[in-house]
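Next comes final-v6.txt, with compact mmCIF, C-alpha atoms.
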```txt
# COMPACT_ATOMS: atom_id res chain seq x y z
CA MET A 105 84.11 89.86 168.00
CA LYS A 106 84.06 93.59 167.35
CA LYS A 107 84.09 96.17 170.12
CA ASP A 108 81.43 98.65 169.04
CA TYR A 109 78.02 97.00 169.27
CA LYS A 110 75.23 99.58 169.37
CA ILE A 111 72.64 97.40 171.16
CA VAL A 112 72.86 94.80 173.90
CA VAL A 113 69.59 92.94 174.44
CA ALA A 114 68.96 90.17 176.96
CA ASP A 115 66.29 87.76 178.03
CA ILE A 116 65.38 88.07 181.72
CA ASP A 117 64.51 84.78 183.41
CA ARG A 118 67.46 82.36 183.58
CA THR A 119 69.57 84.91 181.70
CA LEU A 120 69.72 88.01 183.89
CA ARG A 121 68.41 86.26 186.98
CA ASP A 122 67.10 82.88 188.12
CA ARG A 123 64.37 81.68 190.44
CA GLY A 124 65.16 82.46 194.03
CA TYR A 125 67.99 84.85 193.15
CA ASP A 126 68.02 88.63 192.81
CA PHE A 127 69.48 90.63 189.95
CA GLY A 128 73.16 90.83 190.89
CA GLU A 129 75.61 93.66 191.47
CA ILE A 130 77.95 92.61 188.64
CA ASN A 131 75.04 92.58 186.20
CA ARG A 132 74.07 96.05 187.42
CA LYS A 133 77.58 97.45 186.95
CA ALA A 134 77.84 95.91 183.48
CA MET A 135 74.58 97.55 182.37
CA GLN A 136 75.61 100.88 183.85
CA GLU A 137 78.92 100.72 182.00
CA LEU A 138 77.15 99.90 178.71
CA HIS A 139 74.80 102.83 179.26
CA LYS A 140 77.74 105.12 180.05
CA ARG A 141 79.31 104.16 176.72
CA GLY A 142 76.14 105.02 174.83
CA VAL A 143 75.08 101.45 174.09
CA LEU A 144 71.31 100.97 173.83
CA ILE A 145 70.08 98.32 176.27
CA GLY A 146 66.96 96.22 175.84
CA LEU A 147 65.06 93.48 177.62
CA ALA A 148 63.37 90.67 175.70
CA SER A 149 60.87 88.66 177.74
CA GLY A 150 58.16 86.11 177.20
CA ARG A 151 56.09 87.90 179.83
CA PRO A 152 53.68 90.74 178.94
CA LEU A 153 54.73 94.33 179.48
CA TRP A 154 52.09 94.85 182.17
CA GLN A 155 53.79 92.19 184.28
CA HIS A 156 56.17 94.72 185.86
CA LEU A 157 58.67 94.72 182.99
CA LEU A 158 58.94 98.51 183.02
CA ASP A 159 59.65 98.38 186.76
CA HIS A 160 62.86 96.36 186.46
CA ALA A 161 65.09 99.39 185.83
CA GLU A 162 64.09 100.94 189.15
CA GLU A 163 63.92 97.58 190.94
CA TRP A 164 67.48 96.80 189.83
CA LYS A 165 68.67 100.33 190.73
CA LEU A 166 70.17 101.05 187.34
CA GLY A 167 69.59 104.80 187.38
CA PHE A 168 68.04 104.80 183.89
CA GLN A 169 65.20 103.13 181.98
CA PHE A 170 65.86 100.48 179.34
CA ASP A 171 65.86 101.88 175.83
CA PHE A 172 63.38 99.25 174.71
CA ILE A 173 61.53 96.29 176.20
CA ILE A 174 60.09 93.37 174.26
CA GLY A 175 57.19 91.45 175.79
CA LEU A 176 55.27 88.31 174.86
CA ASN A 177 58.19 86.84 172.88
CA GLY A 178 58.02 89.67 170.36
CA GLY A 179 54.30 90.39 170.50
CA GLU A 180 54.93 93.75 172.19
CA ILE A 181 57.66 96.36 171.71
CA TYR A 182 58.00 99.31 174.09
CA ASP A 183 60.30 102.17 173.01
CA SER A 184 61.02 104.15 176.17
CA ARG A 185 62.43 107.18 174.37
CA LYS A 186 59.21 107.62 172.40
CA ASN A 187 57.06 106.22 175.23
CA GLU A 188 55.28 104.13 172.60
CA THR A 189 54.13 100.50 172.57
CA VAL A 190 53.48 98.47 169.43
CA LYS A 191 51.52 95.20 169.62
CA LEU A 192 51.97 92.59 166.90
CA ASN A 193 50.14 89.51 165.60
CA PRO A 194 48.08 88.09 168.49
CA LEU A 195 46.48 84.65 168.25
CA MET A 196 42.94 85.07 166.96
CA PRO A 197 39.87 83.46 168.61
CA GLU A 198 39.53 80.62 166.08
CA THR A 199 43.22 79.74 166.54
CA ILE A 200 42.95 79.84 170.34
CA LYS A 201 40.00 77.44 170.16
CA GLU A 202 41.92 75.12 167.81
CA ILE A 203 44.90 74.95 170.17
CA ILE A 204 43.03 74.55 173.46
CA THR A 205 40.61 71.93 172.18
CA GLY A 206 43.45 70.14 170.41
CA MET A 207 45.50 69.95 173.60
CA GLU A 208 42.66 68.58 175.76
CA PRO A 209 43.94 64.94 175.63
CA THR A 210 47.03 66.00 177.64
CA GLN A 211 44.79 67.11 180.54
CA CYS A 212 47.19 70.02 181.08
CA ASN A 213 45.99 73.37 182.36
CA PRO A 214 46.11 76.14 179.69
CA PHE A 215 47.17 79.63 180.78
CA ILE A 216 46.67 82.89 178.90
CA TYR A 217 47.39 86.53 179.73
CA ARG A 218 44.65 89.10 179.75
CA GLU A 219 45.48 92.70 180.55
CA GLY A 220 46.39 92.72 184.23
CA TYR A 221 45.78 89.07 185.10
CA MET A 222 46.35 85.44 184.14
CA LEU A 223 43.45 83.18 183.11
CA ALA A 224 43.48 79.37 183.44
CA ARG A 225 41.14 76.41 182.93
CA TRP A 226 41.17 75.40 186.58
CA ASP A 227 42.94 76.20 189.83
CA ASP A 228 45.89 74.00 190.70
CA GLU A 229 49.31 74.22 192.34
CA LEU A 230 50.99 75.18 189.06
CA LEU A 231 48.67 78.17 188.60
CA GLN A 232 49.12 79.24 192.21
CA ALA A 233 52.91 78.94 192.01
CA SER A 234 53.10 80.95 188.79
CA ALA A 235 50.80 83.68 190.13
CA LYS A 236 52.84 83.97 193.33
CA ARG A 237 56.19 83.95 191.54
CA ASN A 238 55.19 86.71 189.13
CA GLN A 239 52.94 88.62 191.55
CA ASN A 240 49.95 88.14 189.25
CA GLU A 241 46.26 88.03 189.84
CA SER A 242 44.96 84.69 188.58
CA ARG A 243 41.43 83.76 187.54
CA VAL A 244 39.69 80.58 186.41
CA VAL A 245 37.28 80.45 183.47
CA LYS A 246 33.64 79.64 184.15
CA ASN A 247 33.36 78.22 180.65
CA VAL A 248 36.17 77.11 178.34
CA GLU A 249 34.81 79.42 175.64
CA GLU A 250 36.08 82.41 177.65
CA PHE A 251 39.58 81.59 176.36
CA TRP A 252 38.68 82.56 172.80
CA GLU A 253 36.45 85.56 173.47
CA GLU A 254 39.24 87.88 172.29
CA PRO A 255 42.75 87.66 170.79
CA VAL A 256 45.70 86.80 173.06
CA GLY A 257 49.45 87.07 172.71
CA LYS A 258 50.18 83.43 173.53
CA ILE A 259 48.95 80.25 175.23
CA MET A 260 51.02 78.41 177.85
CA TYR A 261 51.04 74.89 179.26
CA ARG A 262 52.96 73.98 182.41
CA THR A 263 53.67 70.40 183.43
CA HIS A 264 54.74 68.76 186.66
CA SER A 265 57.93 67.38 185.12
CA ALA A 266 60.22 67.49 182.11
CA GLU A 267 59.29 63.87 181.38
CA GLU A 268 55.59 64.70 181.18
CA MET A 269 56.42 67.57 178.86
CA ASP A 270 58.61 65.57 176.47
CA GLU A 271 56.65 62.33 176.48
CA THR A 272 53.07 63.62 176.42
CA VAL A 273 52.67 67.33 175.80
CA VAL A 274 55.23 68.18 173.11
CA PRO A 275 54.40 65.26 170.77
CA LEU A 276 50.72 66.23 170.66
CA ALA A 277 51.49 69.96 170.43
CA LYS A 278 53.73 69.42 167.40
CA THR A 279 50.89 67.72 165.51
CA LEU A 280 48.79 70.89 165.91
CA GLU A 281 51.32 73.31 164.40
CA ASN A 282 50.47 74.90 161.07
CA ASP A 283 51.37 77.93 158.95
CA THR A 284 49.69 80.26 161.46
CA PHE A 285 51.15 79.20 164.82
CA PHE A 286 53.89 77.10 166.36
CA CYS A 287 55.01 75.91 169.80
CA PHE A 288 58.28 75.92 171.71
CA LYS A 289 59.63 75.30 175.21
CA THR A 290 60.81 78.19 177.34
CA ARG A 291 61.59 75.90 180.28
CA VAL A 292 61.76 72.13 180.53
CA ASP A 293 58.27 72.24 182.06
CA LEU A 294 56.72 75.15 180.09
CA LEU A 295 55.39 75.05 176.52
CA GLU A 296 54.07 78.08 174.64
CA PHE A 297 52.03 78.62 171.47
CA GLN A 298 52.17 81.87 169.50
CA ASP A 299 51.84 83.36 166.03
CA ARG A 300 54.67 82.30 163.69
CA ARG A 301 55.42 85.91 162.81
CA ASN A 302 56.26 86.79 166.40
CA ASN A 303 59.65 86.14 167.94
CA LYS A 304 62.18 88.17 169.86
CA GLY A 305 64.47 88.42 166.85
CA ASN A 306 61.84 90.03 164.64
CA ALA A 307 60.95 92.43 167.46
CA VAL A 308 64.58 93.52 167.89
CA GLN A 309 64.77 93.96 164.12
CA GLU A 310 61.67 96.20 164.20
CA PHE A 311 63.32 98.39 166.85
CA CYS A 312 66.51 98.49 164.79
CA LYS A 313 64.66 99.55 161.65
CA ALA A 314 62.95 102.35 163.52
CA ASN A 315 66.33 103.58 164.77
CA ASN A 316 68.46 102.98 161.64
CA ILE A 317 70.59 100.29 163.30
CA ASP A 318 71.80 97.12 161.57
CA MET A 319 71.22 93.74 163.24
CA ALA A 320 74.96 93.16 162.83
CA ASP A 321 75.39 95.81 165.55
CA VAL A 322 73.30 93.84 168.07
CA MET A 323 74.67 91.59 170.82
CA ALA A 324 72.03 89.22 172.26
CA PHE A 325 71.96 87.10 175.43
CA GLY A 326 69.55 84.21 175.99
CA ASP A 327 69.04 80.71 177.33
CA ALA A 328 65.86 79.12 175.92
CA GLU A 329 64.02 78.25 172.72
CA ASN A 330 62.18 81.58 172.64
CA ASP A 331 65.59 83.29 172.43
CA LEU A 332 66.82 81.29 169.43
CA GLU A 333 65.69 83.62 166.63
CA MET A 334 67.01 86.66 168.48
CA MET A 335 70.36 84.96 168.95
CA LYS A 336 70.51 83.79 165.32
CA MET A 337 69.65 87.22 163.92
CA ALA A 338 71.99 89.22 166.16
CA GLY A 339 75.48 90.12 165.08
CA TYR A 340 76.85 88.30 168.13
CA SER A 341 75.06 85.95 170.54
CA VAL A 342 75.87 84.65 173.99
CA CYS A 343 74.15 81.74 175.74
CA LEU A 344 74.16 81.39 179.50
CA CYS A 345 75.92 78.20 180.61
CA ASN A 346 72.64 77.14 182.26
CA GLY A 347 70.90 77.48 178.89
CA MET A 348 69.34 74.84 176.66
CA LYS A 349 71.41 72.67 174.34
CA GLU A 350 69.85 74.20 171.22
CA ASN A 351 70.92 77.70 172.29
CA LYS A 352 74.46 76.66 173.10
CA GLU A 353 74.80 75.07 169.66
CA ILE A 354 74.01 78.30 167.79
CA ALA A 355 75.66 80.80 170.17
CA ASP A 356 78.91 82.58 169.37
CA ALA A 357 79.90 82.26 173.04
CA ILE A 358 78.78 80.58 176.27
CA THR A 359 79.19 82.23 179.66
CA GLU A 360 81.48 80.71 182.27
CA TYR A 361 78.97 81.48 185.05
CA PRO A 362 75.21 80.76 185.27
CA ALA A 363 72.46 83.34 185.55
CA HIS A 364 72.29 83.22 189.34
CA GLU A 365 76.02 84.03 189.54
CA ASP A 366 75.79 87.09 187.27
CA GLY A 367 76.89 85.17 184.18
CA PHE A 368 75.73 88.05 181.96
CA GLY A 369 77.76 90.74 183.70
CA ARG A 370 80.81 88.59 184.33
CA TRP A 371 80.99 87.63 180.65
CA LEU A 372 80.71 91.25 179.53
CA PHE A 373 83.50 92.40 181.85
CA ASP A 374 85.75 89.46 180.97
CA HIS A 375 85.25 89.46 177.19
CA TYR A 376 83.76 92.77 176.02
CA LEU A 377 83.91 95.64 178.48
```
Show this structure as structure tokens.
Amino acid sequence: MKKDYKIVVADIDRTLRDRGYDFGEINRKAMQELHKRGVLIGLASGRPLWQHLLDHAEEWKLGFQFDFIIGLNGGEIYDSRKNETVKLNPLMPETIKEIITGMEPTQCNPFIYREGYMLARWDDELLQASAKRNQNESRVVKNVEEFWEEPVGKIMYRTHSAEEMDETVVPLAKTLENDTFFCFKTRVDLLEFQDRRNNKGNAVQEFCKANNIDMADVMAFGDAENDLEMMKMAGYSVCLCNGMKENKEIADAITEYPAHEDGFGRWLFDHYL
């Protein structure tokens, strides 16, 4: 591992923090040290930018804004230095209809993001929990056709258990995939559909191109399937020890501590900084 990476980019949930735990002091100090050394720091999330992603720098008391933030698994790229946002390859109405009608046999509740709120098929405890956890407004469609009235960045399906996901939801979802869209798990109980051209790796690459930086100069941290391409494309990749098996298999390193124990910051201080 070299010692002069120009970018450090990290997923947020279950990488920089975990449910029920705050962003930790060691993570904060690690980011501040990176920033002091002139390293560009980015966030790469599956959530949309409007879902408070730009607020994390102040919330975590870093003293600076992130250089770039990726939302919707690569569907949005915010460059803070230019104060510009680029949106890429949303799912089009006919594709949204194909996915939602195709997934109906699972009887799972589809979720989509509209600007400023989350839209679902019906109200249930999974919708309520997600809205509360992410401080979102949630709404329920009056007619299923509302889902495909306009393009969306992605479609999500939550289940009550990992078993329901693996035994019922994923097998059907995989039969729907085509050259336009694909699906992947971001948690054991959360499946997402999005355009094949969008992933966090391609979004980081777009930022690098705009700033004349090689992907070999990127260090990436992640834990789930939506981090795989980013980790594969980066010059060096680190998986949190609480991460998925697939991520651990392709990572250059695995942290000794999980996300809720500042695994990101501890690893940087022990092995890089």
Worksheet item: Hey, can you pull every residue with an atom no more than 7 Å from (52.7, 76.8, 181.6), using all atoms listed in the file, and send it as a ChimeraX atom specification?
Response: /A:214-215,260-263,294-295
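Taking atom CA of Asp117 of chain A and atom CA of Ile181 of chain A as the two end points, the separation is 17.8 Å.
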Worksheet item: Which residue gives the smallest distance to Pro209 of chain A among A:Phe170, A:Met222, A:Gln155, A:Pro275, with all atoms listed in the file counted?
Response: A:Pro275
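Nearest to Val342 of chain A of all the residues A:Asp115, A:Asp270, A:Asp227, A:Asp108 is A:Asp115, counting all atoms listed in the file.
Among the candidates A:Ser234, A:Ser265, A:Asn193, A:Asn213, the one nearest to Leu176 of chain A when counting all atoms listed in the file is A:Asn193.
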Worksheet item: Which residues come within 10 Å of Met135 of chain A, counting only C-alpha atoms, excluding same-chain residues fewer than 5 positions away, as a ChimeraX atom specification?
Response: /A:112,129-130,140-141,143-145,166,168,170,368-369,372
Response to the item:
As a check of understanding: the span from atom CA of Tyr361 of chain A to atom CA of Gly142 of chain A is 25.8 Å
